[in-house]
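Listing of data37.csv, CSV, N, CA and C atoms
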chain,number,residue,atom,x,y,z
U,1396,MET,N,-18.9,-5.3,5.1
U,1396,MET,CA,-19.8,-6.2,4.3
U,1396,MET,C,-19.6,-5.8,2.9
U,1397,ARG,N,-19.5,-6.9,2.0
U,1397,ARG,CA,-19.4,-6.6,0.6
U,1397,ARG,C,-20.7,-6.6,0.0
U,1398,ILE,N,-20.9,-5.8,-1.1
U,1398,ILE,CA,-22.1,-5.7,-1.8
U,1398,ILE,C,-22.1,-6.8,-2.9
U,1399,LEU,N,-23.2,-7.5,-3.0
U,1399,LEU,CA,-23.4,-8.6,-3.9
U,1399,LEU,C,-24.3,-8.2,-5.0
U,1400,LEU,N,-23.8,-8.3,-6.3
U,1400,LEU,CA,-24.6,-7.9,-7.4
U,1400,LEU,C,-25.3,-9.2,-7.9
U,1401,VAL,N,-26.6,-9.1,-8.0
U,1401,VAL,CA,-27.5,-10.3,-8.4
U,1401,VAL,C,-28.1,-9.9,-9.7
U,1402,LEU,N,-27.8,-10.7,-10.7
U,1402,LEU,CA,-28.4,-10.5,-12.1
U,1402,LEU,C,-29.2,-11.7,-12.5
U,1403,THR,N,-30.2,-11.5,-13.3
U,1403,THR,CA,-31.0,-12.6,-13.9
U,1403,THR,C,-30.6,-12.7,-15.4
U,1404,ARG,N,-30.2,-13.9,-15.8
U,1404,ARG,CA,-29.8,-14.1,-17.2
U,1404,ARG,C,-30.5,-15.2,-17.8
U,1405,LYS,N,-30.7,-15.2,-19.1
U,1405,LYS,CA,-31.3,-16.3,-19.8
U,1405,LYS,C,-30.3,-17.1,-20.6
U,1406,THR,N,-30.6,-18.3,-21.1
U,1406,THR,CA,-29.7,-19.0,-21.9
U,1406,THR,C,-29.2,-18.2,-23.1
U,1407,GLY,N,-27.9,-18.2,-23.4
U,1407,GLY,CA,-27.4,-17.4,-24.4
U,1407,GLY,C,-26.9,-16.0,-24.0
U,1408,GLU,N,-27.3,-15.6,-22.9
U,1408,GLU,CA,-26.9,-14.2,-22.4
U,1408,GLU,C,-25.6,-14.4,-21.6
U,1409,GLY,N,-25.0,-13.2,-21.3
U,1409,GLY,CA,-23.8,-13.3,-20.6
U,1409,GLY,C,-23.5,-12.1,-19.7
U,1410,ILE,N,-22.4,-12.1,-19.1
U,1410,ILE,CA,-22.0,-11.0,-18.2
U,1410,ILE,C,-20.5,-10.7,-18.5
U,1411,LEU,N,-20.2,-9.4,-18.6
U,1411,LEU,CA,-18.8,-9.0,-18.8
U,1411,LEU,C,-18.2,-8.5,-17.5
U,1412,VAL,N,-17.1,-9.1,-17.1
U,1412,VAL,CA,-16.4,-8.7,-15.8
U,1412,VAL,C,-15.1,-8.0,-16.2
U,1413,GLY,N,-15.0,-6.8,-15.9
U,1413,GLY,CA,-13.8,-6.0,-16.3
U,1413,GLY,C,-13.8,-5.9,-17.8
U,1414,LYS,N,-12.6,-5.8,-18.4
U,1414,LYS,CA,-12.5,-5.7,-19.9
U,1414,LYS,C,-12.3,-7.0,-20.6
U,1415,ASN,N,-11.9,-8.1,-19.8
U,1415,ASN,CA,-11.5,-9.3,-20.6
U,1415,ASN,C,-12.0,-10.6,-20.0
U,1416,ILE,N,-13.1,-10.6,-19.2
U,1416,ILE,CA,-13.7,-11.8,-18.6
U,1416,ILE,C,-15.1,-11.8,-19.0
U,1417,THR,N,-15.5,-12.9,-19.7
U,1417,THR,CA,-16.9,-13.0,-20.1
U,1417,THR,C,-17.5,-14.3,-19.5
U,1418,ILE,N,-18.7,-14.2,-18.9
U,1418,ILE,CA,-19.4,-15.3,-18.3
U,1418,ILE,C,-20.7,-15.5,-19.2
U,1419,LYS,N,-20.8,-16.7,-19.8
U,1419,LYS,CA,-22.0,-17.0,-20.6
U,1419,LYS,C,-22.8,-18.1,-20.0
U,1420,ILE,N,-24.1,-17.9,-20.2
U,1420,ILE,CA,-25.1,-19.0,-19.7
U,1420,ILE,C,-25.3,-19.9,-20.9
U,1421,PHE,N,-25.0,-21.2,-20.8
U,1421,PHE,CA,-25.2,-22.1,-21.9
U,1421,PHE,C,-26.5,-22.9,-21.8
U,1422,GLU,N,-26.8,-23.3,-20.5
U,1422,GLU,CA,-28.0,-24.1,-20.4
U,1422,GLU,C,-28.5,-24.0,-19.0
U,1423,ILE,N,-29.9,-24.0,-18.8
U,1423,ILE,CA,-30.5,-24.0,-17.5
U,1423,ILE,C,-31.4,-25.2,-17.5
U,1424,GLU,N,-31.2,-26.0,-16.5
U,1424,GLU,CA,-32.0,-27.2,-16.4
U,1424,GLU,C,-32.4,-27.5,-14.9
U,1425,GLY,N,-33.6,-27.2,-14.5
U,1425,GLY,CA,-33.9,-27.3,-13.1
U,1425,GLY,C,-33.2,-26.3,-12.3
U,1426,ASP,N,-32.5,-26.9,-11.3
U,1426,ASP,CA,-31.7,-26.0,-10.4
U,1426,ASP,C,-30.2,-26.0,-10.8
U,1427,ARG,N,-29.9,-26.4,-12.0
U,1427,ARG,CA,-28.5,-26.4,-12.5
U,1427,ARG,C,-28.4,-25.5,-13.6
U,1428,VAL,N,-27.2,-24.8,-13.6
U,1428,VAL,CA,-26.9,-23.8,-14.7
U,1428,VAL,C,-25.6,-24.2,-15.3
U,1429,LYS,N,-25.5,-24.3,-16.6
U,1429,LYS,CA,-24.2,-24.6,-17.2
U,1429,LYS,C,-23.7,-23.3,-17.7
U,1430,ILE,N,-22.5,-22.9,-17.2
U,1430,ILE,CA,-21.9,-21.6,-17.6
U,1430,ILE,C,-20.5,-21.8,-18.2
U,1431,GLY,N,-20.1,-20.9,-19.0
U,1431,GLY,CA,-18.8,-20.8,-19.6
U,1431,GLY,C,-18.1,-19.6,-19.2
U,1432,ILE,N,-16.8,-19.7,-19.0
U,1432,ILE,CA,-16.0,-18.5,-18.6
U,1432,ILE,C,-14.9,-18.3,-19.5
U,1433,GLU,N,-14.8,-17.2,-20.2
U,1433,GLU,CA,-13.8,-16.8,-21.1
U,1433,GLU,C,-12.9,-15.8,-20.4
U,1434,ALA,N,-11.6,-16.2,-20.2
U,1434,ALA,CA,-10.7,-15.3,-19.5
U,1434,ALA,C,-9.3,-15.5,-20.0
U,1435,PRO,N,-8.4,-14.5,-19.8
U,1435,PRO,CA,-7.0,-14.7,-20.2
U,1435,PRO,C,-6.4,-15.9,-19.5
U,1436,LYS,N,-5.4,-16.6,-20.1
U,1436,LYS,CA,-4.8,-17.7,-19.5
U,1436,LYS,C,-4.1,-17.4,-18.1
U,1437,THR,N,-3.8,-16.1,-18.0
U,1437,THR,CA,-3.1,-15.7,-16.7
U,1437,THR,C,-4.1,-15.6,-15.6
U,1438,THR,N,-5.4,-15.6,-15.8
U,1438,THR,CA,-6.4,-15.5,-14.8
U,1438,THR,C,-6.8,-16.9,-14.3
U,1439,LYS,N,-6.7,-17.0,-13.0
U,1439,LYS,CA,-7.1,-18.3,-12.4
U,1439,LYS,C,-8.6,-18.3,-12.2
U,1440,VAL,N,-9.2,-19.4,-12.6
U,1440,VAL,CA,-10.6,-19.6,-12.4
U,1440,VAL,C,-10.8,-20.9,-11.6
U,1441,LEU,N,-11.4,-20.8,-10.4
U,1441,LEU,CA,-11.6,-21.9,-9.6
U,1441,LEU,C,-13.1,-22.0,-9.1
U,1442,ARG,N,-13.6,-23.2,-8.9
U,1442,ARG,CA,-14.9,-23.3,-8.3
U,1442,ARG,C,-14.8,-22.8,-6.8
U,1443,LEU,N,-15.7,-22.0,-6.4
U,1443,LEU,CA,-15.6,-21.5,-5.0
U,1443,LEU,C,-15.4,-22.5,-4.0
U,1444,GLU,N,-16.1,-23.6,-4.0
U,1444,GLU,CA,-16.0,-24.7,-3.0
U,1444,GLU,C,-14.6,-25.3,-3.0
U,1445,LEU,N,-14.0,-25.4,-4.2
U,1445,LEU,CA,-12.6,-25.9,-4.3
U,1445,LEU,C,-11.6,-24.9,-3.7
U,1446,TYR,N,-11.8,-23.6,-4.0
U,1446,TYR,CA,-11.0,-22.6,-3.4
U,1446,TYR,C,-11.0,-22.6,-1.9
U,1447,GLU,N,-12.3,-22.7,-1.3
U,1447,GLU,CA,-12.4,-22.7,0.1
U,1447,GLU,C,-11.8,-24.0,0.7
U,1448,ASP,N,-11.9,-25.1,0.1
U,1448,ASP,CA,-11.2,-26.3,0.6
U,1448,ASP,C,-9.7,-26.2,0.6
U,1449,ILE,N,-9.1,-25.6,-0.5
U,1449,ILE,CA,-7.7,-25.4,-0.6
U,1449,ILE,C,-7.2,-24.4,0.5
U,1450,SER,N,-8.0,-23.4,0.7
U,1450,SER,CA,-7.6,-22.4,1.7
U,1450,SER,C,-7.6,-23.0,3.1
U,1451,GLU,N,-8.6,-23.8,3.4
U,1451,GLU,CA,-8.7,-24.4,4.7
U,1451,GLU,C,-7.5,-25.4,4.9
U,1452,GLU,N,-7.2,-26.2,3.9
U,1452,GLU,CA,-6.1,-27.1,4.0
U,1452,GLU,C,-4.7,-26.3,4.2
U,1453,ASN,N,-4.6,-25.2,3.5
U,1453,ASN,CA,-3.4,-24.4,3.7
U,1453,ASN,C,-3.3,-23.8,5.1
U,1454,LYS,N,-4.4,-23.4,5.7
U,1454,LYS,CA,-4.4,-22.9,7.1
U,1454,LYS,C,-4.0,-24.0,8.1
U,1455,LYS,N,-4.5,-25.2,7.8
U,1455,LYS,CA,-4.1,-26.4,8.7
U,1455,LYS,C,-2.7,-26.7,8.6
U,1456,ALA,N,-2.1,-26.6,7.4
U,1456,ALA,CA,-0.7,-26.9,7.1
U,1456,ALA,C,0.2,-25.9,7.8
U,1457,ILE,N,-0.2,-24.6,7.8
U,1457,ILE,CA,0.5,-23.6,8.4
U,1457,ILE,C,0.5,-23.8,9.9
U,1458,ASP,N,-0.6,-24.2,10.5
U,1458,ASP,CA,-0.7,-24.4,11.9
U,1458,ASP,C,0.2,-25.6,12.4
U,1459,VAL,N,0.2,-26.7,11.6
U,1459,VAL,CA,1.0,-27.8,11.9
U,1459,VAL,C,2.5,-27.5,11.8
U,1460,THR,N,2.9,-26.7,10.8
U,1460,THR,CA,4.3,-26.3,10.7
U,1460,THR,C,4.7,-25.4,11.9
U,1461,LYS,N,3.8,-24.5,12.3
U,1461,LYS,CA,4.1,-23.6,13.4
U,1461,LYS,C,4.3,-24.5,14.7
U,1462,ASN,N,3.4,-25.4,14.9
U,1462,ASN,CA,3.5,-26.3,16.1
U,1462,ASN,C,4.8,-27.1,16.1
U,1463,ILE,N,5.2,-27.6,14.9
U,1463,ILE,CA,6.5,-28.4,14.9
U,1463,ILE,C,7.7,-27.5,15.2
U,1464,VAL,N,7.7,-26.3,14.6
U,1464,VAL,CA,8.8,-25.3,14.9
U,1464,VAL,C,8.8,-25.0,16.4
U,1465,ASP,N,7.6,-24.7,17.0
U,1465,ASP,CA,7.6,-24.4,18.4
U,1465,ASP,C,8.1,-25.5,19.2
U,1466,GLU,N,7.8,-26.8,18.9
U,1466,GLU,CA,8.3,-27.9,19.6
U,1466,GLU,C,9.8,-28.1,19.5
U,1467,LEU,N,10.3,-27.8,18.3
U,1467,LEU,CA,11.8,-27.9,18.1
U,1467,LEU,C,12.5,-26.9,19.0
U,1468,PHE,N,12.0,-25.7,19.1
U,1468,PHE,CA,12.6,-24.6,19.9
U,1468,PHE,C,12.6,-24.9,21.4
U,1469,LYS,N,11.5,-25.7,21.8
U,1469,LYS,CA,11.4,-26.1,23.2
U,1469,LYS,C,12.6,-27.0,23.6
U,1470,GLU,N,13.0,-27.8,22.6
U,1470,GLU,CA,14.1,-28.8,22.9
U,1470,GLU,C,15.5,-28.2,22.9
U,1471,LEU,N,15.6,-27.0,22.4
U,1471,LEU,CA,16.9,-26.3,22.3
U,1471,LEU,C,17.4,-25.7,23.6

Can the structure in the file be given as structure tokens, please?
Amino acid sequence: MRILLVLTRKTGEGILVGKNITIKIFEIEGDRVKIGIEAPKTTKVLRLELYEDISEENKKAIDVTKNIVDELFKEL
């Protein structure tokens, strides 16, 4: 189990991740928070739900490819 760090921040405050990633809180309105992420161009930044969708699609593609290869070998 991973440990989750939970922080409370106000508008204008931020969080430093490592030496070169900064997360700033720009606006809080109801249950929505507008954040900015400053990171090197070499660092990929994705929304978690997008990352999860991509990972799931990749798993499906691998399974389909494996099934096709298995079928081809059955015919040999």

*Select, from U:Asp1458, U:Glu1466, U:Asp1448, U:Glu1433, the residue with the minimum atom-to-atom distance to U:Ile1416, counting only N, CA and C atoms.*
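The shortest atom-to-atom distance to U:Ile1416 comes from U:Glu1433.
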
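Backbone DSSP over chain U yields strand (DSSP E or B) at Gly1409, Ile1410, Leu1411, Val1412, Ile1416, Thr1417, Ile1418, Lys1419, Ile1420, Phe1421, Glu1422, Ile1423, Glu1424, Arg1427, Val1428, Lys1429, Ile1430, Gly1431, Ile1432 and Glu1433 of chain U.
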
Just-selected residues, N, CA and C atoms written as a compact mmCIF listing (two decimals), keeping the file's coordinate frame:
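This is the output file selection_21.txt:
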# COMPACT_ATOMS: atom_id res chain seq x y z
N GLY U 1409 -25.00 -13.20 -21.30
CA GLY U 1409 -23.80 -13.30 -20.60
C GLY U 1409 -23.50 -12.10 -19.70
N ILE U 1410 -22.40 -12.10 -19.10
CA ILE U 1410 -22.00 -11.00 -18.20
C ILE U 1410 -20.50 -10.70 -18.50
N LEU U 1411 -20.20 -9.40 -18.60
CA LEU U 1411 -18.80 -9.00 -18.80
C LEU U 1411 -18.20 -8.50 -17.50
N VAL U 1412 -17.10 -9.10 -17.10
CA VAL U 1412 -16.40 -8.70 -15.80
C VAL U 1412 -15.10 -8.00 -16.20
N ILE U 1416 -13.10 -10.60 -19.20
CA ILE U 1416 -13.70 -11.80 -18.60
C ILE U 1416 -15.10 -11.80 -19.00
N THR U 1417 -15.50 -12.90 -19.70
CA THR U 1417 -16.90 -13.00 -20.10
C THR U 1417 -17.50 -14.30 -19.50
N ILE U 1418 -18.70 -14.20 -18.90
CA ILE U 1418 -19.40 -15.30 -18.30
C ILE U 1418 -20.70 -15.50 -19.20
N LYS U 1419 -20.80 -16.70 -19.80
CA LYS U 1419 -22.00 -17.00 -20.60
C LYS U 1419 -22.80 -18.10 -20.00
N ILE U 1420 -24.10 -17.90 -20.20
CA ILE U 1420 -25.10 -19.00 -19.70
C ILE U 1420 -25.30 -19.90 -20.90
N PHE U 1421 -25.00 -21.20 -20.80
CA PHE U 1421 -25.20 -22.10 -21.90
C PHE U 1421 -26.50 -22.90 -21.80
N GLU U 1422 -26.80 -23.30 -20.50
CA GLU U 1422 -28.00 -24.10 -20.40
C GLU U 1422 -28.50 -24.00 -19.00
N ILE U 1423 -29.90 -24.00 -18.80
CA ILE U 1423 -30.50 -24.00 -17.50
C ILE U 1423 -31.40 -25.20 -17.50
N GLU U 1424 -31.20 -26.00 -16.50
CA GLU U 1424 -32.00 -27.20 -16.40
C GLU U 1424 -32.40 -27.50 -14.90
N ARG U 1427 -29.90 -26.40 -12.00
CA ARG U 1427 -28.50 -26.40 -12.50
C ARG U 1427 -28.40 -25.50 -13.60
N VAL U 1428 -27.20 -24.80 -13.60
CA VAL U 1428 -26.90 -23.80 -14.70
C VAL U 1428 -25.60 -24.20 -15.30
N LYS U 1429 -25.50 -24.30 -16.60
CA LYS U 1429 -24.20 -24.60 -17.20
C LYS U 1429 -23.70 -23.30 -17.70
N ILE U 1430 -22.50 -22.90 -17.20
CA ILE U 1430 -21.90 -21.60 -17.60
C ILE U 1430 -20.50 -21.80 -18.20
N GLY U 1431 -20.10 -20.90 -19.00
CA GLY U 1431 -18.80 -20.80 -19.60
C GLY U 1431 -18.10 -19.60 -19.20
N ILE U 1432 -16.80 -19.70 -19.00
CA ILE U 1432 -16.00 -18.50 -18.60
C ILE U 1432 -14.90 -18.30 -19.50
N GLU U 1433 -14.80 -17.20 -20.20
CA GLU U 1433 -13.80 -16.80 -21.10
C GLU U 1433 -12.90 -15.80 -20.40

Report the residues of chain U whose backbone DSSP state falls under alpha helix (DSSP H), written as a PDB file with N, CA and C atoms, keeping the file's coordinate frame.
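Resulting contents of states.pdb:
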ATOM      1  N   LEU U1443     -15.700 -22.000  -6.400  1.00  0.00           N
ATOM      2  CA  LEU U1443     -15.600 -21.500  -5.000  1.00  0.00           C
ATOM      3  C   LEU U1443     -15.400 -22.500  -4.000  1.00  0.00           C
ATOM      4  N   GLU U1444     -16.100 -23.600  -4.000  1.00  0.00           N
ATOM      5  CA  GLU U1444     -16.000 -24.700  -3.000  1.00  0.00           C
ATOM      6  C   GLU U1444     -14.600 -25.300  -3.000  1.00  0.00           C
ATOM      7  N   LEU U1445     -14.000 -25.400  -4.200  1.00  0.00           N
ATOM      8  CA  LEU U1445     -12.600 -25.900  -4.300  1.00  0.00           C
ATOM      9  C   LEU U1445     -11.600 -24.900  -3.700  1.00  0.00           C
ATOM     10  N   TYR U1446     -11.800 -23.600  -4.000  1.00  0.00           N
ATOM     11  CA  TYR U1446     -11.000 -22.600  -3.400  1.00  0.00           C
ATOM     12  C   TYR U1446     -11.000 -22.600  -1.900  1.00  0.00           C
ATOM     13  N   GLU U1447     -12.300 -22.700  -1.300  1.00  0.00           N
ATOM     14  CA  GLU U1447     -12.400 -22.700   0.100  1.00  0.00           C
ATOM     15  C   GLU U1447     -11.800 -24.000   0.700  1.00  0.00           C
ATOM     16  N   ASP U1448     -11.900 -25.100   0.100  1.00  0.00           N
ATOM     17  CA  ASP U1448     -11.200 -26.300   0.600  1.00  0.00           C
ATOM     18  C   ASP U1448      -9.700 -26.200   0.600  1.00  0.00           C
ATOM     19  N   ILE U1449      -9.100 -25.600  -0.500  1.00  0.00           N
ATOM     20  CA  ILE U1449      -7.700 -25.400  -0.600  1.00  0.00           C
ATOM     21  C   ILE U1449      -7.200 -24.400   0.500  1.00  0.00           C
ATOM     22  N   SER U1450      -8.000 -23.400   0.700  1.00  0.00           N
ATOM     23  CA  SER U1450      -7.600 -22.400   1.700  1.00  0.00           C
ATOM     24  C   SER U1450      -7.600 -23.000   3.100  1.00  0.00           C
ATOM     25  N   GLU U1451      -8.600 -23.800   3.400  1.00  0.00           N
ATOM     26  CA  GLU U1451      -8.700 -24.400   4.700  1.00  0.00           C
ATOM     27  C   GLU U1451      -7.500 -25.400   4.900  1.00  0.00           C
ATOM     28  N   GLU U1452      -7.200 -26.200   3.900  1.00  0.00           N
ATOM     29  CA  GLU U1452      -6.100 -27.100   4.000  1.00  0.00           C
ATOM     30  C   GLU U1452      -4.700 -26.300   4.200  1.00  0.00           C
ATOM     31  N   ASN U1453      -4.600 -25.200   3.500  1.00  0.00           N
ATOM     32  CA  ASN U1453      -3.400 -24.400   3.700  1.00  0.00           C
ATOM     33  C   ASN U1453      -3.300 -23.800   5.100  1.00  0.00           C
ATOM     34  N   LYS U1454      -4.400 -23.400   5.700  1.00  0.00           N
ATOM     35  CA  LYS U1454      -4.400 -22.900   7.100  1.00  0.00           C
ATOM     36  C   LYS U1454      -4.000 -24.000   8.100  1.00  0.00           C
ATOM     37  N   LYS U1455      -4.500 -25.200   7.800  1.00  0.00           N
ATOM     38  CA  LYS U1455      -4.100 -26.400   8.700  1.00  0.00           C
ATOM     39  C   LYS U1455      -2.700 -26.700   8.600  1.00  0.00           C
ATOM     40  N   ALA U1456      -2.100 -26.600   7.400  1.00  0.00           N
ATOM     41  CA  ALA U1456      -0.700 -26.900   7.100  1.00  0.00           C
ATOM     42  C   ALA U1456       0.200 -25.900   7.800  1.00  0.00           C
ATOM     43  N   ILE U1457      -0.200 -24.600   7.800  1.00  0.00           N
ATOM     44  CA  ILE U1457       0.500 -23.600   8.400  1.00  0.00           C
ATOM     45  C   ILE U1457       0.500 -23.800   9.900  1.00  0.00           C
ATOM     46  N   ASP U1458      -0.600 -24.200  10.500  1.00  0.00           N
ATOM     47  CA  ASP U1458      -0.700 -24.400  11.900  1.00  0.00           C
ATOM     48  C   ASP U1458       0.200 -25.600  12.400  1.00  0.00           C
ATOM     49  N   VAL U1459       0.200 -26.700  11.600  1.00  0.00           N
ATOM     50  CA  VAL U1459       1.000 -27.800  11.900  1.00  0.00           C
ATOM     51  C   VAL U1459       2.500 -27.500  11.800  1.00  0.00           C
ATOM     52  N   THR U1460       2.900 -26.700  10.800  1.00  0.00           N
ATOM     53  CA  THR U1460       4.300 -26.300  10.700  1.00  0.00           C
ATOM     54  C   THR U1460       4.700 -25.400  11.900  1.00  0.00           C
ATOM     55  N   LYS U1461       3.800 -24.500  12.300  1.00  0.00           N
ATOM     56  CA  LYS U1461       4.100 -23.600  13.400  1.00  0.00           C
ATOM     57  C   LYS U1461       4.300 -24.500  14.700  1.00  0.00           C
ATOM     58  N   ASN U1462       3.400 -25.400  14.900  1.00  0.00           N
ATOM     59  CA  ASN U1462       3.500 -26.300  16.100  1.00  0.00           C
ATOM     60  C   ASN U1462       4.800 -27.100  16.100  1.00  0.00           C
ATOM     61  N   ILE U1463       5.200 -27.600  14.900  1.00  0.00           N
ATOM     62  CA  ILE U1463       6.500 -28.400  14.900  1.00  0.00           C
ATOM     63  C   ILE U1463       7.700 -27.500  15.200  1.00  0.00           C
ATOM     64  N   VAL U1464       7.700 -26.300  14.600  1.00  0.00           N
ATOM     65  CA  VAL U1464       8.800 -25.300  14.900  1.00  0.00           C
ATOM     66  C   VAL U1464       8.800 -25.000  16.400  1.00  0.00           C
ATOM     67  N   ASP U1465       7.600 -24.700  17.000  1.00  0.00           N
ATOM     68  CA  ASP U1465       7.600 -24.400  18.400  1.00  0.00           C
ATOM     69  C   ASP U1465       8.100 -25.500  19.200  1.00  0.00           C
ATOM     70  N   GLU U1466       7.800 -26.800  18.900  1.00  0.00           N
ATOM     71  CA  GLU U1466       8.300 -27.900  19.600  1.00  0.00           C
ATOM     72  C   GLU U1466       9.800 -28.100  19.500  1.00  0.00           C
ATOM     73  N   LEU U1467      10.300 -27.800  18.300  1.00  0.00           N
ATOM     74  CA  LEU U1467      11.800 -27.900  18.100  1.00  0.00           C
ATOM     75  C   LEU U1467      12.500 -26.900  19.000  1.00  0.00           C
ATOM     76  N   PHE U1468      12.000 -25.700  19.100  1.00  0.00           N
ATOM     77  CA  PHE U1468      12.600 -24.600  19.900  1.00  0.00           C
ATOM     78  C   PHE U1468      12.600 -24.900  21.400  1.00  0.00           C
ATOM     79  N   LYS U1469      11.500 -25.700  21.800  1.00  0.00           N
ATOM     80  CA  LYS U1469      11.400 -26.100  23.200  1.00  0.00           C
ATOM     81  C   LYS U1469      12.600 -27.000  23.600  1.00  0.00           C
ATOM     82  N   GLU U1470      13.000 -27.800  22.600  1.00  0.00           N
ATOM     83  CA  GLU U1470      14.100 -28.800  22.900  1.00  0.00           C
ATOM     84  C   GLU U1470      15.500 -28.200  22.900  1.00  0.00           C
TER      85      GLU U1470
END

*Pick from U:Thr1417, U:Pro1435, U:Ile1423, U:Lys1454, whichever lies nearest to U:Arg1404 using only C-alpha atoms*: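 Nearest to U:Arg1404: U:Ile1423.
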
*Do you have the atom CA of U:Lys1419-atom CA of U:Gly1431 distance handy?*
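Between atom CA of U:Lys1419 and atom CA of U:Gly1431 the gap works out to 5.1 Å.
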
*Can you work out the spacing between atom N of U:Thr1403 and atom CA of U:Ile1418 in Å, to one decimal?*
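Distance between the two atoms: 12.5 Å.
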
*Quick one, how far is atom CA of U:Ile1420 from atom CA of U:Val1401?*
14.5 Å

*Counting only N, CA and C atoms, note down every residue that has an atom within 7 Å of the point (-26.3, -22.9, -24.8) (file coordinates), as a list in words.*
Thr1406, Gly1407, Ile1420, Phe1421 and Glu1422 of chain U
